[in-house]
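Novice: This one is coords-v8.cif, mmCIF, C-alpha atoms.
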```cif
data_start
#
loop_
_atom_site.group_PDB
_atom_site.id
_atom_site.type_symbol
_atom_site.label_atom_id
_atom_site.label_comp_id
_atom_site.auth_asym_id
_atom_site.auth_seq_id
_atom_site.Cartn_x
_atom_site.Cartn_y
_atom_site.Cartn_z
ATOM 1 C CA MET A 1 -0.533 -16.575 -58.704
ATOM 2 C CA SER A 2 -4.147 -15.836 -58.088
ATOM 3 C CA GLY A 3 -4.948 -12.938 -55.888
ATOM 4 C CA THR A 4 -6.974 -13.504 -52.784
ATOM 5 C CA ARG A 5 -9.297 -10.998 -51.268
ATOM 6 C CA ILE A 6 -8.976 -10.333 -47.614
ATOM 7 C CA ARG A 7 -12.264 -9.544 -45.987
ATOM 8 C CA LEU A 8 -11.952 -6.866 -43.403
ATOM 9 C CA LYS A 9 -14.433 -7.080 -40.611
ATOM 10 C CA PRO A 10 -16.379 -3.842 -40.546
ATOM 11 C CA ARG A 11 -15.862 -1.796 -37.426
ATOM 12 C CA THR A 12 -18.979 -1.860 -35.347
ATOM 13 C CA ALA A 13 -20.343 1.450 -34.195
ATOM 14 C CA TRP A 14 -20.147 2.266 -30.538
ATOM 15 C CA THR A 15 -23.314 1.874 -28.592
ATOM 16 C CA PRO A 16 -24.553 4.750 -26.418
ATOM 17 C CA GLY A 17 -23.653 2.734 -23.341
ATOM 18 C CA GLN A 18 -20.047 2.290 -24.497
ATOM 19 C CA ILE A 19 -19.735 5.998 -25.235
ATOM 20 C CA VAL A 20 -21.058 6.943 -21.801
ATOM 21 C CA LEU A 21 -18.748 4.473 -20.031
ATOM 22 C CA THR A 22 -15.736 5.702 -22.036
ATOM 23 C CA LEU A 23 -16.464 9.344 -21.240
ATOM 24 C CA LEU A 24 -16.994 8.442 -17.597
ATOM 25 C CA GLY A 25 -13.679 6.568 -17.509
ATOM 26 C CA VAL A 26 -11.848 9.512 -19.084
ATOM 27 C CA ALA A 27 -13.419 11.921 -16.583
ATOM 28 C CA VAL A 28 -12.493 9.747 -13.586
ATOM 29 C CA SER A 29 -8.948 9.270 -14.922
ATOM 30 C CA ALA A 30 -8.550 13.018 -15.376
ATOM 31 C CA LEU A 31 -9.887 13.599 -11.870
ATOM 32 C CA PHE A 32 -7.245 11.327 -10.332
ATOM 33 C CA THR A 33 -4.428 12.450 -12.648
ATOM 34 C CA ALA A 34 -4.964 16.200 -12.203
ATOM 35 C CA PRO A 35 -3.460 16.442 -8.655
ATOM 36 C CA VAL A 36 -0.350 14.519 -9.742
ATOM 37 C CA ALA A 37 0.066 16.736 -12.794
ATOM 38 C CA ALA A 38 -0.441 19.874 -10.690
ATOM 39 C CA ALA A 39 2.184 18.688 -8.187
ATOM 40 C CA LEU A 40 4.651 17.931 -10.985
ATOM 41 C CA PHE A 41 4.187 21.341 -12.651
ATOM 42 C CA THR A 42 4.419 23.129 -9.305
ATOM 43 C CA SER A 43 7.658 21.324 -8.442
ATOM 44 C CA LEU A 44 9.161 22.639 -11.677
ATOM 45 C CA LYS A 45 8.417 26.278 -10.791
ATOM 46 C CA SER A 46 10.485 28.699 -8.766
ATOM 47 C CA GLU A 47 9.399 29.220 -5.167
ATOM 48 C CA ALA A 48 8.139 32.739 -5.934
ATOM 49 C CA GLU A 49 6.074 31.519 -8.874
ATOM 50 C CA ALA A 50 4.724 28.520 -6.934
ATOM 51 C CA ALA A 51 3.404 30.853 -4.206
ATOM 52 C CA GLU A 52 1.539 33.149 -6.593
ATOM 53 C CA ILE A 53 -2.194 33.647 -6.092
ATOM 54 C CA PRO A 54 -4.165 32.820 -8.145
ATOM 55 C CA PRO A 55 -2.047 29.836 -9.179
ATOM 56 C CA HIS A 56 -1.519 28.789 -12.778
ATOM 57 C CA TRP A 57 -0.842 25.371 -14.223
ATOM 58 C CA LEU A 58 2.270 25.588 -16.396
ATOM 59 C CA PRO A 59 5.477 27.243 -15.182
ATOM 60 C CA ARG A 60 6.544 30.423 -16.926
ATOM 61 C CA GLU A 61 10.158 29.397 -16.394
ATOM 62 C CA TRP A 62 10.882 25.679 -16.058
ATOM 63 C CA THR A 63 13.409 24.928 -13.338
ATOM 64 C CA GLY A 64 14.491 21.962 -11.230
ATOM 65 C CA GLN A 65 15.657 24.127 -8.349
ATOM 66 C CA ALA A 66 13.091 22.666 -5.939
ATOM 67 C CA TRP A 67 14.279 19.102 -6.598
ATOM 68 C CA LYS A 68 17.922 20.145 -6.255
ATOM 69 C CA ALA A 69 17.266 22.008 -2.992
ATOM 70 C CA LEU A 70 15.348 19.073 -1.529
ATOM 71 C CA LEU A 71 18.147 16.646 -2.372
ATOM 72 C CA GLU A 72 20.749 18.982 -0.872
ATOM 73 C CA THR A 73 18.921 19.931 2.345
ATOM 74 C CA GLY A 74 17.195 16.637 3.098
ATOM 75 C CA ASN A 75 18.671 13.242 3.889
ATOM 76 C CA ILE A 76 16.625 11.551 1.172
ATOM 77 C CA THR A 77 18.720 8.377 0.964
ATOM 78 C CA ASP A 78 18.408 7.557 4.670
ATOM 79 C CA TRP A 79 14.692 8.376 4.684
ATOM 80 C CA PHE A 80 14.111 6.128 1.694
ATOM 81 C CA ILE A 81 16.055 3.242 3.264
ATOM 82 C CA ASN A 82 14.204 3.667 6.578
ATOM 83 C CA SER A 83 10.834 3.609 4.826
ATOM 84 C CA LEU A 84 11.873 0.552 2.832
ATOM 85 C CA VAL A 85 13.127 -1.346 5.903
ATOM 86 C CA VAL A 86 10.026 -0.554 7.957
ATOM 87 C CA SER A 87 7.566 -1.307 5.133
ATOM 88 C CA VAL A 88 9.228 -4.584 4.118
ATOM 89 C CA CYS A 89 9.456 -5.815 7.729
ATOM 90 C CA VAL A 90 5.840 -4.859 8.479
ATOM 91 C CA THR A 91 4.649 -6.547 5.281
ATOM 92 C CA THR A 92 6.576 -9.748 6.045
ATOM 93 C CA VAL A 93 5.272 -10.006 9.612
ATOM 94 C CA VAL A 94 1.700 -9.218 8.555
ATOM 95 C CA LEU A 95 1.774 -11.911 5.857
ATOM 96 C CA VAL A 96 3.070 -14.545 8.271
ATOM 97 C CA VAL A 97 0.755 -13.632 11.157
ATOM 98 C CA GLY A 98 -2.259 -12.986 8.925
ATOM 99 C CA ALA A 99 -1.882 -16.265 7.038
ATOM 100 C CA LEU A 100 -1.505 -18.332 10.211
ATOM 101 C CA ALA A 101 -4.360 -16.561 11.998
ATOM 102 C CA GLY A 102 -6.694 -16.659 8.998
ATOM 103 C CA TYR A 103 -6.056 -20.357 8.402
ATOM 104 C CA GLY A 104 -6.415 -21.144 12.086
ATOM 105 C CA PHE A 105 -9.807 -19.435 12.280
ATOM 106 C CA ALA A 106 -11.006 -21.007 9.021
ATOM 107 C CA ARG A 107 -9.905 -24.603 9.560
ATOM 108 C CA THR A 108 -9.381 -25.383 13.242
ATOM 109 C CA GLU A 109 -11.849 -25.711 16.089
ATOM 110 C CA PHE A 110 -10.912 -24.673 19.619
ATOM 111 C CA ARG A 111 -12.629 -23.347 22.720
ATOM 112 C CA GLY A 112 -13.361 -19.643 22.552
ATOM 113 C CA LYS A 113 -12.870 -19.446 18.764
ATOM 114 C CA SER A 114 -15.995 -17.338 18.172
ATOM 115 C CA ALA A 115 -15.137 -14.899 20.938
ATOM 116 C CA LEU A 116 -11.545 -14.528 19.746
ATOM 117 C CA LEU A 117 -12.656 -14.055 16.132
ATOM 118 C CA GLY A 118 -15.144 -11.436 17.273
ATOM 119 C CA LEU A 119 -12.383 -9.659 19.172
ATOM 120 C CA VAL A 120 -10.223 -9.587 16.050
ATOM 121 C CA MET A 121 -13.110 -8.295 13.949
ATOM 122 C CA ALA A 122 -13.759 -5.586 16.544
ATOM 123 C CA GLY A 123 -10.390 -4.197 15.542
ATOM 124 C CA LEU A 124 -11.990 -3.146 12.252
ATOM 125 C CA MET A 125 -14.170 -0.657 14.133
ATOM 126 C CA ILE A 126 -11.358 1.033 16.069
ATOM 127 C CA SER A 127 -9.500 3.912 14.480
ATOM 128 C CA PRO A 128 -5.682 3.611 14.647
ATOM 129 C CA ALA A 129 -5.541 7.212 15.911
ATOM 130 C CA VAL A 130 -7.441 6.171 19.060
ATOM 131 C CA LEU A 131 -4.735 3.620 19.866
ATOM 132 C CA GLY A 132 -1.890 6.118 19.456
ATOM 133 C CA VAL A 133 -1.498 7.098 23.112
ATOM 134 C CA PRO A 134 -1.728 3.588 24.676
ATOM 135 C CA LEU A 135 0.570 2.180 21.989
ATOM 136 C CA PHE A 136 3.126 4.932 22.572
ATOM 137 C CA THR A 137 2.993 4.345 26.333
ATOM 138 C CA THR A 138 3.591 0.622 25.815
ATOM 139 C CA VAL A 139 6.456 1.206 23.387
ATOM 140 C CA GLN A 140 8.012 3.732 25.752
ATOM 141 C CA GLN A 141 7.837 1.330 28.708
ATOM 142 C CA MET A 142 9.493 -1.363 26.586
ATOM 143 C CA GLY A 143 12.349 0.994 25.662
ATOM 144 C CA MET A 144 11.640 0.894 21.929
ATOM 145 C CA VAL A 145 11.291 4.641 21.289
ATOM 146 C CA ASP A 146 13.641 5.815 18.520
ATOM 147 C CA THR A 147 14.153 2.251 17.270
ATOM 148 C CA TYR A 148 13.095 0.311 14.193
ATOM 149 C CA TRP A 149 11.155 -2.153 16.354
ATOM 150 C CA GLY A 150 9.135 0.688 17.832
ATOM 151 C CA MET A 151 8.014 1.699 14.359
ATOM 152 C CA ILE A 152 7.479 -1.837 13.043
ATOM 153 C CA LEU A 153 5.751 -3.935 15.728
ATOM 154 C CA PRO A 154 2.659 -1.748 16.396
ATOM 155 C CA GLN A 155 1.820 -1.879 12.677
ATOM 156 C CA CYS A 156 1.922 -5.671 12.480
ATOM 157 C CA ALA A 157 -1.593 -6.608 13.644
ATOM 158 C CA PRO A 158 -4.144 -5.290 11.132
ATOM 159 C CA ALA A 159 -7.493 -7.008 11.632
ATOM 160 C CA ALA A 160 -8.543 -6.249 8.046
ATOM 161 C CA MET A 161 -5.752 -8.382 6.586
ATOM 162 C CA VAL A 162 -6.586 -11.293 8.896
ATOM 163 C CA PHE A 163 -10.217 -11.037 7.784
ATOM 164 C CA ILE A 164 -9.272 -11.031 4.073
ATOM 165 C CA LEU A 165 -7.186 -14.184 4.421
ATOM 166 C CA TYR A 166 -9.791 -15.780 6.687
ATOM 167 C CA LYS A 167 -12.424 -15.297 3.981
ATOM 168 C CA PHE A 168 -10.125 -16.809 1.364
ATOM 169 C CA PHE A 169 -9.238 -19.886 3.439
ATOM 170 C CA GLN A 170 -12.922 -20.494 4.044
ATOM 171 C CA GLY A 171 -13.362 -20.828 0.280
ATOM 172 C CA VAL A 172 -10.643 -23.448 -0.168
ATOM 173 C CA PRO A 173 -12.306 -26.862 -0.713
ATOM 174 C CA ARG A 174 -11.825 -29.103 2.282
ATOM 175 C CA GLU A 175 -11.548 -32.120 -0.029
ATOM 176 C CA VAL A 176 -8.115 -30.928 -1.169
ATOM 177 C CA GLU A 177 -6.801 -30.931 2.390
ATOM 178 C CA GLU A 178 -8.552 -34.177 3.322
ATOM 179 C CA ALA A 179 -6.905 -35.950 0.387
ATOM 180 C CA ALA A 180 -3.506 -34.799 1.649
ATOM 181 C CA PHE A 181 -4.360 -35.948 5.185
ATOM 182 C CA ILE A 182 -5.250 -39.394 3.845
ATOM 183 C CA ASP A 183 -1.836 -39.552 2.139
ATOM 184 C CA GLY A 184 -0.213 -38.967 5.510
ATOM 185 C CA ALA A 185 0.523 -35.250 5.362
ATOM 186 C CA GLY A 186 0.310 -33.279 8.579
ATOM 187 C CA ARG A 187 -1.388 -29.967 9.191
ATOM 188 C CA TRP A 188 1.772 -27.888 8.707
ATOM 189 C CA ARG A 189 2.737 -29.689 5.515
ATOM 190 C CA VAL A 190 -0.749 -29.194 4.094
ATOM 191 C CA PHE A 191 -0.604 -25.519 4.999
ATOM 192 C CA PHE A 192 2.775 -24.823 3.388
ATOM 193 C CA THR A 193 2.553 -27.115 0.345
ATOM 194 C CA ILE A 194 -1.130 -26.836 -0.606
ATOM 195 C CA VAL A 195 -2.905 -23.937 1.074
ATOM 196 C CA VAL A 196 -0.207 -21.267 0.767
ATOM 197 C CA PRO A 197 0.337 -21.846 -2.996
ATOM 198 C CA LEU A 198 -3.422 -21.590 -3.532
ATOM 199 C CA ALA A 199 -3.472 -18.362 -1.539
ATOM 200 C CA ARG A 200 -0.822 -16.568 -3.604
ATOM 201 C CA PRO A 201 -3.260 -14.046 -5.172
ATOM 202 C CA SER A 202 -4.712 -13.105 -1.789
ATOM 203 C CA LEU A 203 -1.292 -13.017 -0.124
ATOM 204 C CA ALA A 204 -0.028 -10.762 -2.908
ATOM 205 C CA ALA A 205 -2.967 -8.380 -2.455
ATOM 206 C CA VAL A 206 -2.524 -8.304 1.324
ATOM 207 C CA GLY A 207 1.201 -7.711 0.933
ATOM 208 C CA ILE A 208 0.686 -4.815 -1.481
ATOM 209 C CA PHE A 209 -2.008 -3.192 0.666
ATOM 210 C CA THR A 210 0.162 -3.514 3.768
ATOM 211 C CA PHE A 211 3.263 -2.147 2.050
ATOM 212 C CA ILE A 212 1.375 0.892 0.757
ATOM 213 C CA ALA A 213 -0.236 1.586 4.140
ATOM 214 C CA SER A 214 3.083 1.272 5.984
ATOM 215 C CA TRP A 215 4.922 3.439 3.461
ATOM 216 C CA ASN A 216 2.288 6.178 3.753
ATOM 217 C CA ASN A 217 2.047 5.990 7.546
ATOM 218 C CA PHE A 218 2.934 9.407 8.909
ATOM 219 C CA LEU A 219 1.384 9.586 12.369
ATOM 220 C CA TRP A 220 2.958 6.585 14.114
ATOM 221 C CA PRO A 221 6.605 7.062 12.980
ATOM 222 C CA TYR A 222 6.190 10.752 13.827
ATOM 223 C CA MET A 223 5.092 9.854 17.367
ATOM 224 C CA VAL A 224 7.671 7.185 18.105
ATOM 225 C CA THR A 225 10.890 8.733 16.800
ATOM 226 C CA ASN A 226 12.610 12.111 16.910
ATOM 227 C CA ASN A 227 15.911 10.829 15.563
ATOM 228 C CA PRO A 228 16.556 12.347 12.102
ATOM 229 C CA ASP A 229 18.520 9.230 11.127
ATOM 230 C CA LEU A 230 15.442 7.009 11.666
ATOM 231 C CA MET A 231 12.801 9.175 9.987
ATOM 232 C CA THR A 232 10.787 7.742 7.123
ATOM 233 C CA MET A 233 10.055 9.566 3.874
ATOM 234 C CA PRO A 234 6.795 11.290 4.959
ATOM 235 C CA ASN A 235 8.281 12.401 8.289
ATOM 236 C CA GLY A 236 11.569 13.524 6.796
ATOM 237 C CA ILE A 237 9.943 15.616 4.102
ATOM 238 C CA ALA A 238 7.601 17.188 6.659
ATOM 239 C CA THR A 239 10.606 18.071 8.802
ATOM 240 C CA VAL A 240 12.306 19.823 5.914
ATOM 241 C CA MET A 241 9.185 21.820 5.237
ATOM 242 C CA ASN A 242 8.903 22.868 8.884
ATOM 243 C CA SER A 243 12.563 23.864 9.059
ATOM 244 C CA TYR A 244 12.542 26.054 5.975
ATOM 245 C CA GLY A 245 8.950 27.272 5.969
ATOM 246 C CA ILE A 246 6.239 26.351 3.506
ATOM 247 C CA GLN A 247 8.013 26.185 0.181
ATOM 248 C CA TRP A 248 5.416 24.860 -2.187
ATOM 249 C CA ALA A 249 7.733 23.773 -4.980
ATOM 250 C CA GLN A 250 9.829 21.681 -2.586
ATOM 251 C CA LEU A 251 6.697 20.339 -0.926
ATOM 252 C CA MET A 252 5.348 19.102 -4.264
ATOM 253 C CA ALA A 253 8.730 17.625 -5.212
ATOM 254 C CA GLY A 254 8.930 15.792 -1.886
ATOM 255 C CA GLY A 255 5.413 14.453 -2.241
ATOM 256 C CA LEU A 256 6.150 13.108 -5.706
ATOM 257 C CA MET A 257 9.423 11.593 -4.516
ATOM 258 C CA ALA A 258 7.660 9.838 -1.631
ATOM 259 C CA GLY A 259 4.820 8.612 -3.816
ATOM 260 C CA LEU A 260 6.917 7.371 -6.737
ATOM 261 C CA PRO A 261 7.622 3.892 -5.261
ATOM 262 C CA LEU A 262 3.904 3.384 -4.621
ATOM 263 C CA ILE A 263 3.055 4.350 -8.185
ATOM 264 C CA VAL A 264 5.607 1.821 -9.437
ATOM 265 C CA VAL A 265 4.216 -0.886 -7.129
ATOM 266 C CA PHE A 266 0.651 -0.263 -8.283
ATOM 267 C CA VAL A 267 1.538 -0.156 -11.990
ATOM 268 C CA PHE A 268 3.364 -3.489 -11.862
ATOM 269 C CA PHE A 269 1.061 -5.304 -9.427
ATOM 270 C CA GLN A 270 -2.404 -3.927 -10.184
ATOM 271 C CA ARG A 271 -3.512 -7.245 -11.714
ATOM 272 C CA ARG A 272 -2.509 -9.081 -8.560
ATOM 273 C CA ILE A 273 -4.485 -6.590 -6.468
ATOM 274 C CA VAL A 274 -7.632 -7.181 -8.535
ATOM 275 C CA ALA A 275 -7.090 -10.955 -8.561
ATOM 276 C CA GLY A 276 -6.507 -11.000 -4.811
ATOM 277 C CA VAL A 277 -9.702 -9.101 -4.043
ATOM 278 C CA ALA A 278 -11.652 -11.358 -6.428
ATOM 279 C CA HIS A 279 -10.294 -14.524 -4.799
ATOM 280 C CA THR A 280 -11.225 -13.401 -1.307
ATOM 281 C CA GLY A 281 -14.877 -13.028 -2.204
ATOM 282 C CA LEU A 282 -14.905 -9.367 -1.070
ATOM 283 C CA ALA A 283 -15.496 -7.873 -4.524
ATOM 284 C CA GLY A 284 -19.250 -7.666 -4.089
ATOM 285 C CA GLN A 285 -19.278 -6.671 -0.423
#
```
Since I need it in another form, could you write the structure as structure tokens?
Specialist:
Amino acid sequence: MSGTRIRLKPRTAWTPGQIVLTLLGVAVSALFTAPVAAALFTSLKSEAEAAEIPPHWLPREWTGQAWKALLETGNITDWFINSLVVSVCVTTVVLVVGALAGYGFARTEFRGKSALLGLVMAGLMISPAVLGVPLFTTVQQMGMVDTYWGMILPQCAPAAMVFILYKFFQGVPREVEEAAFIDGAGRWRVFFTIVVPLARPSLAAVGIFTFIASWNNFLWPYMVTNNPDLMTMPNGIATVMNSYGIQWAQLMAGGLMAGLPLIVVFVFFQRRIVAGVAHTGLAGQ
């Protein structure tokens, strides 16, 4: 048997540009990872050690007492379920309303369309904090304080998500829909069988953004409910901290516990987020 030589492709040297970009990427990654690492190390310290000034990174004595105390004193299971119910319901309603509104603005003509679209876009310039008092007054008059609906409905009309889907639907070729119309399909059938499948990347991105924003929302659930059984994760953890004083180890443990689902969502769906933004045409804006 004759031996064959395998030619190995020589490794090309890194260019200065590649080196700079790699170092920049490592620096940015370290910048975003450092707070998470600091929170994790602090949560594994004793309360006395976590309150020391100046602080130090690694614990002298590793302990899970903060995690144990948080699980014992806080109603973590109920808070997690409440956050999940609210976030999933808000995401579902936003996807349905945003898709219908975005497609309606992109493909249908009706009187007052420009004015109504301008009104929706004006919502991008209004801070949600400004709407807190009028929204709370409305919810109170409707008897939805200390209810799931009171936490869900006011979060279900984000103008940014309507705009993202509107931009995507504008980019869908009209020829695809016109061919379906010629075959006898109606507007609703075209929307559900052709447009929605094409919009999956954008719908996925909108759904992920909405879920993260709803999960992290602290102000509105804090305003609309005082019932401990209805509190979400951010509100519940803040209540524990207020009840027992500022205990830094427990605070860091609670923050990590509240942020863990979002980290999981981003790790598994980051490609869909990038693809969704690219498909909307917003990447360069």
Novice: Near stretch 59-61 of chain A, within 10 Å and counting only C-alpha atoms, which residues show up once chain neighbours fewer than 2 positions away are dropped, as a VMD selection string?
Specialist: chain A and resid 41 to 46 49 to 50 55 to 57 63
Novice: Using only C-alpha atoms, find the one residue out of A:Ser202, A:Thr22, A:Asn216, A:Thr137 that sits nearest to A:Val86.
Specialist: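 Once distances to A:Val86 are computed over only C-alpha atoms, the minimum belongs to A:Asn216.
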Novice: Given the file shown, enumerate the residues that the PyMOL selection byres ((chain A and resi 250) around 12) captures and present them as a PyMOL selection string.
Specialist: chain A and resi 39-48+50-51+63-74+237-242+244-249+251-257
Novice: Could the residues in this selection be written to a file with C-alpha atoms, as a PDB file, in the coordinates of the input?
Specialist:
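Generated output (out.pdb):
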```pdb
ATOM      1  CA  ALA A  39       2.184  18.688  -8.187  1.00  0.00           C
ATOM      2  CA  LEU A  40       4.651  17.931 -10.985  1.00  0.00           C
ATOM      3  CA  PHE A  41       4.187  21.341 -12.651  1.00  0.00           C
ATOM      4  CA  THR A  42       4.419  23.129  -9.305  1.00  0.00           C
ATOM      5  CA  SER A  43       7.658  21.324  -8.442  1.00  0.00           C
ATOM      6  CA  LEU A  44       9.161  22.639 -11.677  1.00  0.00           C
ATOM      7  CA  LYS A  45       8.417  26.278 -10.791  1.00  0.00           C
ATOM      8  CA  SER A  46      10.485  28.699  -8.766  1.00  0.00           C
ATOM      9  CA  GLU A  47       9.399  29.220  -5.167  1.00  0.00           C
ATOM     10  CA  ALA A  48       8.139  32.739  -5.934  1.00  0.00           C
ATOM     11  CA  ALA A  50       4.724  28.520  -6.934  1.00  0.00           C
ATOM     12  CA  ALA A  51       3.404  30.853  -4.206  1.00  0.00           C
ATOM     13  CA  THR A  63      13.409  24.928 -13.338  1.00  0.00           C
ATOM     14  CA  GLY A  64      14.491  21.962 -11.230  1.00  0.00           C
ATOM     15  CA  GLN A  65      15.657  24.127  -8.349  1.00  0.00           C
ATOM     16  CA  ALA A  66      13.091  22.666  -5.939  1.00  0.00           C
ATOM     17  CA  TRP A  67      14.279  19.102  -6.598  1.00  0.00           C
ATOM     18  CA  LYS A  68      17.922  20.145  -6.255  1.00  0.00           C
ATOM     19  CA  ALA A  69      17.266  22.008  -2.992  1.00  0.00           C
ATOM     20  CA  LEU A  70      15.348  19.073  -1.529  1.00  0.00           C
ATOM     21  CA  LEU A  71      18.147  16.646  -2.372  1.00  0.00           C
ATOM     22  CA  GLU A  72      20.749  18.982  -0.872  1.00  0.00           C
ATOM     23  CA  THR A  73      18.921  19.931   2.345  1.00  0.00           C
ATOM     24  CA  GLY A  74      17.195  16.637   3.098  1.00  0.00           C
ATOM     25  CA  ILE A 237       9.943  15.616   4.102  1.00  0.00           C
ATOM     26  CA  ALA A 238       7.601  17.188   6.659  1.00  0.00           C
ATOM     27  CA  THR A 239      10.606  18.071   8.802  1.00  0.00           C
ATOM     28  CA  VAL A 240      12.306  19.823   5.914  1.00  0.00           C
ATOM     29  CA  MET A 241       9.185  21.820   5.237  1.00  0.00           C
ATOM     30  CA  ASN A 242       8.903  22.868   8.884  1.00  0.00           C
ATOM     31  CA  TYR A 244      12.542  26.054   5.975  1.00  0.00           C
ATOM     32  CA  GLY A 245       8.950  27.272   5.969  1.00  0.00           C
ATOM     33  CA  ILE A 246       6.239  26.351   3.506  1.00  0.00           C
ATOM     34  CA  GLN A 247       8.013  26.185   0.181  1.00  0.00           C
ATOM     35  CA  TRP A 248       5.416  24.860  -2.187  1.00  0.00           C
ATOM     36  CA  ALA A 249       7.733  23.773  -4.980  1.00  0.00           C
ATOM     37  CA  LEU A 251       6.697  20.339  -0.926  1.00  0.00           C
ATOM     38  CA  MET A 252       5.348  19.102  -4.264  1.00  0.00           C
ATOM     39  CA  ALA A 253       8.730  17.625  -5.212  1.00  0.00           C
ATOM     40  CA  GLY A 254       8.930  15.792  -1.886  1.00  0.00           C
ATOM     41  CA  GLY A 255       5.413  14.453  -2.241  1.00  0.00           C
ATOM     42  CA  LEU A 256       6.150  13.108  -5.706  1.00  0.00           C
ATOM     43  CA  MET A 257       9.423  11.593  -4.516  1.00  0.00           C
TER      44      MET A 257
END
```
Novice: I'd like the interatomic distance between atom CA of A:Thr210 and atom CA of A:Thr91, to a tenth of an Å.
Specialist: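 Taking atom CA of A:Thr210 and atom CA of A:Thr91, their separation equals 5.6 Å.
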Novice: With only C-alpha atoms as the basis for distance, which of A:Leu219, A:Met144, A:Leu58, A:Val162 is at the shortest distance from A:Ala37?
Specialist: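 Ranked by minimum distance to A:Ala37, first place goes to A:Leu58.
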Novice: Distance table requested - stretch 35-118 of chain A against stretch 232-236 of chain A, cut-off 6 Å, only C-alpha atoms: one row per qualifying residue with the closest atom pair and its distance in Å to one decimal, ordered by chain and rising residue number, as JSON lines.
Specialist:
```
{"residue": "A:Trp79", "atom": "CA", "partner": "A:Thr232", "partner_atom": "CA", "distance": 4.6}
{"residue": "A:Phe80", "atom": "CA", "partner": "A:Met233", "partner_atom": "CA", "distance": 5.7}
{"residue": "A:Asn82", "atom": "CA", "partner": "A:Thr232", "partner_atom": "CA", "distance": 5.3}
{"residue": "A:Ser83", "atom": "CA", "partner": "A:Thr232", "partner_atom": "CA", "distance": 4.7}
```
Novice: Only C-alpha atoms, please: the residues just picked out, written as a PDB file, keeping the file's coordinate frame.
Specialist:
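Saved as out.pdb:
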```pdb
ATOM      1  CA  TRP A  79      14.692   8.376   4.684  1.00  0.00           C
ATOM      2  CA  PHE A  80      14.111   6.128   1.694  1.00  0.00           C
ATOM      3  CA  ASN A  82      14.204   3.667   6.578  1.00  0.00           C
ATOM      4  CA  SER A  83      10.834   3.609   4.826  1.00  0.00           C
TER       5      SER A  83
END
```
Novice: Decode the PyMOL selection byres ((chain A and resi 269) around 12) for the given file into explicit residues and return them as a short mmCIF file (atom, residue, chain, number, x, y, z; two decimals) with C-alpha atoms, in the frame of the given file.
Specialist:
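File produced: expr-v5.cif:
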```
data_model
loop_
_atom_site.label_atom_id
_atom_site.label_comp_id
_atom_site.auth_asym_id
_atom_site.auth_seq_id
_atom_site.Cartn_x
_atom_site.Cartn_y
_atom_site.Cartn_z
CA PRO A 201 -3.26 -14.05 -5.17
CA ALA A 204 -0.03 -10.76 -2.91
CA ALA A 205 -2.97 -8.38 -2.46
CA VAL A 206 -2.52 -8.30 1.32
CA GLY A 207 1.20 -7.71 0.93
CA ILE A 208 0.69 -4.82 -1.48
CA PHE A 209 -2.01 -3.19 0.67
CA ILE A 212 1.38 0.89 0.76
CA LEU A 262 3.90 3.38 -4.62
CA ILE A 263 3.06 4.35 -8.18
CA VAL A 264 5.61 1.82 -9.44
CA VAL A 265 4.22 -0.89 -7.13
CA PHE A 266 0.65 -0.26 -8.28
CA VAL A 267 1.54 -0.16 -11.99
CA PHE A 268 3.36 -3.49 -11.86
CA GLN A 270 -2.40 -3.93 -10.18
CA ARG A 271 -3.51 -7.24 -11.71
CA ARG A 272 -2.51 -9.08 -8.56
CA ILE A 273 -4.49 -6.59 -6.47
CA VAL A 274 -7.63 -7.18 -8.54
CA ALA A 275 -7.09 -10.96 -8.56
CA GLY A 276 -6.51 -11.00 -4.81
#
```
Novice: Mind giving me the straight-line distance from atom CA of A:Pro134 to atom CA of A:Ser214 in Å, one decimal?
Specialist: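 Taking atom CA of A:Pro134 as the start and atom CA of A:Ser214 as the end point, the length is 19.4 Å.
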Novice: So, with only C-alpha atoms as the atoms that count, which of A:Gly184, A:Gly150, A:Gly104, A:Gly259 lies closest to A:Val90?
Specialist: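 Distance minimum relative to A:Val90 lands on A:Gly150.
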Novice: Report, in Å to a single decimal, how far apart atom CA of A:Trp220 and atom CA of A:Lys167 are.
Specialist: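 About the pair atom CA of A:Lys167 and atom CA of A:Trp220: they are 28.6 Å apart.
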Novice: Please write as a ChimeraX atom specification the full residue list that the PyMOL selection byres ((chain A and resi 132) around 10) yields on this file.
Specialist: /A:127-131,133-137,154,219-220,223-224
Novice: Report, as JSON, the axis-aligned box around all atoms of stretch 203-217 of chain A present in the file, extended by 3 Å on each side; give centre and edge lengths in Å to one decimal place.
Specialist:
```
{"center_x": 1.0, "center_y": -3.4, "center_z": 2.3, "size_x": 13.9, "size_y": 25.2, "size_z": 16.5}
```
Novice: Rank nothing, just name the residue among A:Ile76, A:Val190, A:Leu21, A:Ile152 nearest to A:Arg107, using only C-alpha atoms.
Specialist: A:Val190
Novice: Which of these residues is nearest to A:Phe211, using all atoms listed in the file: A:Lys113, A:Ser87, A:Leu31, A:Val36?
Specialist: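 Closest to A:Phe211, using all atoms listed in the file: A:Ser87.
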Novice: With distances taken over all atoms listed in the file, which of A:Leu203, A:Gln141, A:Ile194, A:Asp146 is nearest to A:Arg174?
Specialist: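 The closest residue to A:Arg174 is A:Ile194.
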